[in-house]
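Written out below as structure tokens is the structure these notes cover.
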Amino acid sequence: MIKDVLDISLDIKADEFVKFYLKLVNRNLNHLGTHSENTASVSLSLAKSMGYKAADIKLLKYGALLHDIGKLFTPAEILNSSRALTGIEFEIIKTHTLFGYEVLDSFKSFPEEIKYFAVKHHYRHGFGYPKPLIYDNGVETLIDILTVADSFSAIMEPRVYKNNVTPEGTFEIMSDETNEKNKGLNKDVMGHLKYLIDDNKINLKGFF
Ligand SMILES: [Fe+2]
Ligand SMILES: [Fe+2]
């Protein structure tokens with residue numbers, strides 16, 4: 001199993017690994033590279049708007065760029081599917097959070113918190129997945145920022161199965177609290193997102 005294969009200690013700097021990862025996904029899974037960079041860009045804008053310090057912002061940058069690394073283990077035909085996913089395919093997609101945790105946990109020289117961004121970015125305080133998650137990692141609000149930025153980027157970006165959406169339209173979609181996917185989004189972070197959109201401070205790659 002993958003856990004045995006990865007049960008080794010690797011002495012690689014996080015910066016070096018992030019560059020390698022982005023080169024890999026930008027070459028082979030282009031939308032994932034663009035999405036990772038967009039999610040990081042929105043995350044950093046939000047963190048700056050919320051007054052976070054440089055050390056937290058750096059941690060968030062690593063966490064956002066690597067948050068979907070577990071998708072390297074998702075079959076490409078599911079990731080690139082242009083039709084609605086079946087229930088089983090969606091369950092397979094969900095495992096990217098756990099694979100992401102396992103991969104990042106194998107790099108002992110990385111900041112300890114990075115793996116929590118990967119495993120918890122869809123958790124949404126128990127409204128999302130995977131559950132149950134019983135540990136508290138001390139970076140909850142940074143993960144809340146990543147969760148909002150991830151959702152925002154994913155809705156805005158074009159995919160093979162959908163067109164891009166404007167920032168205003170995306171915010172409206174995310175504000176619909178009757179939609180299960182929006183439950184557990186941090187309201188304070190959403191307020192800062194609105195401020196950034198109104199101020200024209202959101203600029204994403206990959207379209208327009
Ligand atoms: Fe994800
Ligand atoms: Fe994502």
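In the structure tokens, chains take the letters A, B, ... in the order shown, each chain's residues start at 1, and ligands count up from 1 in the order shown.
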
Pull the closest atom pair for each residue of chain A that gets at most 10 Å from ligand 2, along with the distance in Å to one decimal, counting only C-alpha atoms and all ligand atoms, ordering rows by chain and then ascending residue number, as JSON lines.
```
{"residue": "A:Leu32", "atom": "CA", "partner": "ligand 2", "partner_atom_place_in_ligand_line": "1 (Fe)", "distance": 7.9}
{"residue": "A:His35", "atom": "CA", "partner": "ligand 2", "partner_atom_place_in_ligand_line": "1 (Fe)", "distance": 6.6}
{"residue": "A:Ser36", "atom": "CA", "partner": "ligand 2", "partner_atom_place_in_ligand_line": "1 (Fe)", "distance": 6.6}
{"residue": "A:Glu37", "atom": "CA", "partner": "ligand 2", "partner_atom_place_in_ligand_line": "1 (Fe)", "distance": 10.0}
{"residue": "A:Asn38", "atom": "CA", "partner": "ligand 2", "partner_atom_place_in_ligand_line": "1 (Fe)", "distance": 9.4}
{"residue": "A:Thr39", "atom": "CA", "partner": "ligand 2", "partner_atom_place_in_ligand_line": "1 (Fe)", "distance": 7.1}
{"residue": "A:Ala40", "atom": "CA", "partner": "ligand 2", "partner_atom_place_in_ligand_line": "1 (Fe)", "distance": 9.9}
{"residue": "A:Ala64", "atom": "CA", "partner": "ligand 2", "partner_atom_place_in_ligand_line": "1 (Fe)", "distance": 8.2}
{"residue": "A:Leu65", "atom": "CA", "partner": "ligand 2", "partner_atom_place_in_ligand_line": "1 (Fe)", "distance": 9.1}
{"residue": "A:Leu66", "atom": "CA", "partner": "ligand 2", "partner_atom_place_in_ligand_line": "1 (Fe)", "distance": 9.0}
{"residue": "A:His67", "atom": "CA", "partner": "ligand 2", "partner_atom_place_in_ligand_line": "1 (Fe)", "distance": 6.4}
{"residue": "A:Asp68", "atom": "CA", "partner": "ligand 2", "partner_atom_place_in_ligand_line": "1 (Fe)", "distance": 5.3}
{"residue": "A:Ile69", "atom": "CA", "partner": "ligand 2", "partner_atom_place_in_ligand_line": "1 (Fe)", "distance": 9.0}
{"residue": "A:Lys71", "atom": "CA", "partner": "ligand 2", "partner_atom_place_in_ligand_line": "1 (Fe)", "distance": 9.2}
{"residue": "A:His96", "atom": "CA", "partner": "ligand 2", "partner_atom_place_in_ligand_line": "1 (Fe)", "distance": 9.9}
{"residue": "A:Thr97", "atom": "CA", "partner": "ligand 2", "partner_atom_place_in_ligand_line": "1 (Fe)", "distance": 9.8}
{"residue": "A:Ala118", "atom": "CA", "partner": "ligand 2", "partner_atom_place_in_ligand_line": "1 (Fe)", "distance": 9.1}
{"residue": "A:His121", "atom": "CA", "partner": "ligand 2", "partner_atom_place_in_ligand_line": "1 (Fe)", "distance": 7.8}
{"residue": "A:His122", "atom": "CA", "partner": "ligand 2", "partner_atom_place_in_ligand_line": "1 (Fe)", "distance": 8.5}
{"residue": "A:Leu146", "atom": "CA", "partner": "ligand 2", "partner_atom_place_in_ligand_line": "1 (Fe)", "distance": 8.9}
{"residue": "A:Thr147", "atom": "CA", "partner": "ligand 2", "partner_atom_place_in_ligand_line": "1 (Fe)", "distance": 8.2}
{"residue": "A:Ala149", "atom": "CA", "partner": "ligand 2", "partner_atom_place_in_ligand_line": "1 (Fe)", "distance": 8.6}
{"residue": "A:Asp150", "atom": "CA", "partner": "ligand 2", "partner_atom_place_in_ligand_line": "1 (Fe)", "distance": 4.9}
{"residue": "A:Ser151", "atom": "CA", "partner": "ligand 2", "partner_atom_place_in_ligand_line": "1 (Fe)", "distance": 7.1}
{"residue": "A:Phe152", "atom": "CA", "partner": "ligand 2", "partner_atom_place_in_ligand_line": "1 (Fe)", "distance": 9.5}
{"residue": "A:Ser153", "atom": "CA", "partner": "ligand 2", "partner_atom_place_in_ligand_line": "1 (Fe)", "distance": 7.8}
{"residue": "A:Ala154", "atom": "CA", "partner": "ligand 2", "partner_atom_place_in_ligand_line": "1 (Fe)", "distance": 6.6}
```

Could you please take those selected residues and save N, CA and C atoms as a PDB file, in the first residue's frame?
```
ATOM      1  N   LEU A  32      -5.356  21.720 -12.857  1.00  0.00           N
ATOM      2  CA  LEU A  32      -5.001  21.599 -11.442  1.00  0.00           C
ATOM      3  C   LEU A  32      -3.891  22.589 -11.071  1.00  0.00           C
ATOM      4  N   HIS A  35      -5.587  25.978 -10.999  1.00  0.00           N
ATOM      5  CA  HIS A  35      -6.447  26.034  -9.806  1.00  0.00           C
ATOM      6  C   HIS A  35      -5.614  26.220  -8.530  1.00  0.00           C
ATOM      7  N   SER A  36      -4.490  25.533  -8.437  1.00  0.00           N
ATOM      8  CA  SER A  36      -3.652  25.637  -7.225  1.00  0.00           C
ATOM      9  C   SER A  36      -3.103  27.053  -7.090  1.00  0.00           C
ATOM     10  N   GLU A  37      -2.665  27.619  -8.212  1.00  0.00           N
ATOM     11  CA  GLU A  37      -2.120  28.977  -8.162  1.00  0.00           C
ATOM     12  C   GLU A  37      -3.216  30.006  -7.872  1.00  0.00           C
ATOM     13  N   ASN A  38      -4.383  29.815  -8.462  1.00  0.00           N
ATOM     14  CA  ASN A  38      -5.498  30.731  -8.182  1.00  0.00           C
ATOM     15  C   ASN A  38      -5.928  30.650  -6.719  1.00  0.00           C
ATOM     16  N   THR A  39      -6.011  29.435  -6.205  1.00  0.00           N
ATOM     17  CA  THR A  39      -6.426  29.267  -4.802  1.00  0.00           C
ATOM     18  C   THR A  39      -5.417  29.938  -3.877  1.00  0.00           C
ATOM     19  N   ALA A  40      -4.133  29.806  -4.202  1.00  0.00           N
ATOM     20  CA  ALA A  40      -3.104  30.449  -3.376  1.00  0.00           C
ATOM     21  C   ALA A  40      -3.224  31.970  -3.472  1.00  0.00           C
ATOM     22  N   ALA A  64      -2.007  26.229   0.362  1.00  0.00           N
ATOM     23  CA  ALA A  64      -2.918  26.451  -0.770  1.00  0.00           C
ATOM     24  C   ALA A  64      -2.346  25.859  -2.054  1.00  0.00           C
ATOM     25  N   LEU A  65      -1.054  26.044  -2.283  1.00  0.00           N
ATOM     26  CA  LEU A  65      -0.472  25.511  -3.528  1.00  0.00           C
ATOM     27  C   LEU A  65      -0.525  23.988  -3.558  1.00  0.00           C
ATOM     28  N   LEU A  66      -0.448  23.371  -2.372  1.00  0.00           N
ATOM     29  CA  LEU A  66      -0.396  21.898  -2.325  1.00  0.00           C
ATOM     30  C   LEU A  66      -1.723  21.259  -1.905  1.00  0.00           C
ATOM     31  N   HIS A  67      -2.794  22.055  -1.722  1.00  0.00           N
ATOM     32  CA  HIS A  67      -3.991  21.510  -1.076  1.00  0.00           C
ATOM     33  C   HIS A  67      -4.605  20.333  -1.820  1.00  0.00           C
ATOM     34  N   ASP A  68      -4.499  20.324  -3.158  1.00  0.00           N
ATOM     35  CA  ASP A  68      -5.119  19.239  -3.947  1.00  0.00           C
ATOM     36  C   ASP A  68      -4.102  18.221  -4.435  1.00  0.00           C
ATOM     37  N   ILE A  69      -2.937  18.141  -3.784  1.00  0.00           N
ATOM     38  CA  ILE A  69      -1.893  17.223  -4.263  1.00  0.00           C
ATOM     39  C   ILE A  69      -2.389  15.770  -4.299  1.00  0.00           C
ATOM     40  N   LYS A  71      -4.898  14.710  -5.549  1.00  0.00           N
ATOM     41  CA  LYS A  71      -5.564  14.413  -6.835  1.00  0.00           C
ATOM     42  C   LYS A  71      -4.618  13.736  -7.827  1.00  0.00           C
ATOM     43  N   HIS A  96      -8.943  12.366  -2.229  1.00  0.00           N
ATOM     44  CA  HIS A  96      -7.747  13.191  -2.464  1.00  0.00           C
ATOM     45  C   HIS A  96      -7.308  13.913  -1.196  1.00  0.00           C
ATOM     46  N   THR A  97      -8.240  14.126  -0.283  1.00  0.00           N
ATOM     47  CA  THR A  97      -7.877  14.794   0.976  1.00  0.00           C
ATOM     48  C   THR A  97      -6.970  13.882   1.824  1.00  0.00           C
ATOM     49  N   ALA A 118      -4.308  20.058   3.449  1.00  0.00           N
ATOM     50  CA  ALA A 118      -4.735  19.069   2.442  1.00  0.00           C
ATOM     51  C   ALA A 118      -5.915  18.239   2.947  1.00  0.00           C
ATOM     52  N   HIS A 121      -9.382  20.834   3.805  1.00  0.00           N
ATOM     53  CA  HIS A 121      -9.915  21.965   3.013  1.00  0.00           C
ATOM     54  C   HIS A 121     -11.347  21.747   2.533  1.00  0.00           C
ATOM     55  N   HIS A 122     -11.841  20.504   2.609  1.00  0.00           N
ATOM     56  CA  HIS A 122     -13.259  20.263   2.273  1.00  0.00           C
ATOM     57  C   HIS A 122     -14.078  19.925   3.523  1.00  0.00           C
ATOM     58  N   LEU A 146      -8.474  29.092   3.269  1.00  0.00           N
ATOM     59  CA  LEU A 146      -8.211  28.222   2.121  1.00  0.00           C
ATOM     60  C   LEU A 146      -9.514  27.645   1.559  1.00  0.00           C
ATOM     61  N   THR A 147     -10.416  27.225   2.442  1.00  0.00           N
ATOM     62  CA  THR A 147     -11.681  26.617   2.004  1.00  0.00           C
ATOM     63  C   THR A 147     -12.494  27.598   1.158  1.00  0.00           C
ATOM     64  N   ALA A 149     -11.280  30.303  -0.442  1.00  0.00           N
ATOM     65  CA  ALA A 149     -10.523  30.604  -1.668  1.00  0.00           C
ATOM     66  C   ALA A 149     -10.618  29.450  -2.667  1.00  0.00           C
ATOM     67  N   ASP A 150     -10.594  28.225  -2.160  1.00  0.00           N
ATOM     68  CA  ASP A 150     -10.678  27.017  -3.006  1.00  0.00           C
ATOM     69  C   ASP A 150     -12.022  26.962  -3.720  1.00  0.00           C
ATOM     70  N   SER A 151     -13.085  27.153  -2.952  1.00  0.00           N
ATOM     71  CA  SER A 151     -14.438  27.125  -3.494  1.00  0.00           C
ATOM     72  C   SER A 151     -14.609  28.226  -4.540  1.00  0.00           C
ATOM     73  N   PHE A 152     -14.172  29.431  -4.174  1.00  0.00           N
ATOM     74  CA  PHE A 152     -14.293  30.589  -5.061  1.00  0.00           C
ATOM     75  C   PHE A 152     -13.571  30.331  -6.387  1.00  0.00           C
ATOM     76  N   SER A 153     -12.322  29.848  -6.307  1.00  0.00           N
ATOM     77  CA  SER A 153     -11.535  29.603  -7.517  1.00  0.00           C
ATOM     78  C   SER A 153     -12.182  28.516  -8.365  1.00  0.00           C
ATOM     79  N   ALA A 154     -12.629  27.434  -7.718  1.00  0.00           N
ATOM     80  CA  ALA A 154     -13.198  26.297  -8.463  1.00  0.00           C
ATOM     81  C   ALA A 154     -14.470  26.709  -9.210  1.00  0.00           C
TER      82      ALA A 154
END
```

Practice problem: List the neighbours of Thr166 in chain A out to 7 Å using only C-alpha atoms; skip same-chain residues closer than 3 positions along the sequence, and give me the result as a count of residues only. | Solution: 3

Exercise. Give me the residues within 12 Å of Ile197 in chain A as a list in words, counting only C-alpha atoms and dropping any in the same chain fewer than 6 places off.
Key: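 Near Ile197 in chain A, the qualifying residues are Val42, Ser45, Leu46, Ser49, Phe152, Thr166, Pro167, Glu168, Gly169, Thr170, Phe171, Glu172, Met190, Gly191, Asn203 and Leu204 of chain A.
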
Take the residues from that selection and write them out as a compact mmCIF listing (two decimals), in the first residue's frame, keeping N, CA and C atoms.
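So selection34.txt came out as:
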```txt
# COMPACT_ATOMS: atom_id res chain seq x y z
N VAL A 42 -5.88 33.87 -4.14
CA VAL A 42 -7.05 34.38 -3.39
C VAL A 42 -6.81 34.20 -1.88
N SER A 45 -4.56 37.01 -0.69
CA SER A 45 -5.27 38.29 -0.66
C SER A 45 -6.18 38.35 0.57
N LEU A 46 -6.86 37.27 0.84
CA LEU A 46 -7.75 37.23 2.01
C LEU A 46 -6.96 37.37 3.30
N SER A 49 -5.79 40.87 3.76
CA SER A 49 -6.93 41.73 4.10
C SER A 49 -7.33 41.53 5.57
N PHE A 152 -14.17 29.43 -4.17
CA PHE A 152 -14.29 30.59 -5.06
C PHE A 152 -13.57 30.33 -6.39
N THR A 166 -18.36 34.92 -13.30
CA THR A 166 -17.77 36.18 -12.85
C THR A 166 -17.53 36.14 -11.33
N PRO A 167 -16.66 37.01 -10.81
CA PRO A 167 -16.45 37.04 -9.36
C PRO A 167 -17.76 37.32 -8.61
N GLU A 168 -18.55 38.26 -9.12
CA GLU A 168 -19.82 38.62 -8.45
C GLU A 168 -20.78 37.42 -8.46
N GLY A 169 -20.86 36.76 -9.63
CA GLY A 169 -21.74 35.59 -9.75
C GLY A 169 -21.29 34.46 -8.83
N THR A 170 -19.97 34.31 -8.72
CA THR A 170 -19.41 33.26 -7.86
C THR A 170 -19.77 33.53 -6.40
N PHE A 171 -19.63 34.80 -6.01
CA PHE A 171 -19.95 35.15 -4.62
C PHE A 171 -21.42 34.87 -4.32
N GLU A 172 -22.27 35.17 -5.28
CA GLU A 172 -23.71 34.92 -5.10
C GLU A 172 -23.98 33.43 -4.91
N MET A 190 -15.81 35.26 4.34
CA MET A 190 -16.70 35.62 3.21
C MET A 190 -16.85 37.15 3.12
N GLY A 191 -16.91 37.81 4.27
CA GLY A 191 -17.01 39.28 4.30
C GLY A 191 -15.79 39.91 3.64
N ASN A 203 -7.87 38.69 -9.18
CA ASN A 203 -7.40 38.46 -10.55
C ASN A 203 -6.94 37.02 -10.69
N LEU A 204 -7.72 36.22 -11.38
CA LEU A 204 -7.35 34.80 -11.49
C LEU A 204 -6.80 34.46 -12.87
```

Quiz prompt | Between CA of Lys131 in chain A and CA of Thr74 in chain A, distance in Å (one decimal) | solution = 19.3 Å

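Distance-wise, CA of Glu112 in chain A and CA of Glu16 in chain A end up 16.5 Å apart.
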
Quiz prompt | Near-Asn179 in chain A list (12 Å; only C-alpha atoms; drop same-chain fewer than 6 positions) as JSON, numbers by chain | solution = {"A": [127, 128, 172, 173, 185]}

Exercise. Might you pull out every residue within 12 Å of Tyr135 in chain A, with only C-alpha atoms counted and same-chain residues fewer than 3 positions away left off, and present them as a ChimeraX atom specification?
Key: /A:113,116,119-120,125,131-132,138-140

Practice problem: Tell me, in Å to one decimal, how far CA of Tyr101 in chain A is from CA of Lys115 in chain A. | Solution: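 Distance reported for this atom pair: 4.8 Å.
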
Quiz item: Of the candidates A:Arg159, A:Lys181, A:Lys94, A:Arg124, which shows the shortest atom-to-atom distance to ligand 1, using only C-alpha atoms and all ligand atoms?
Solution: A:Lys94
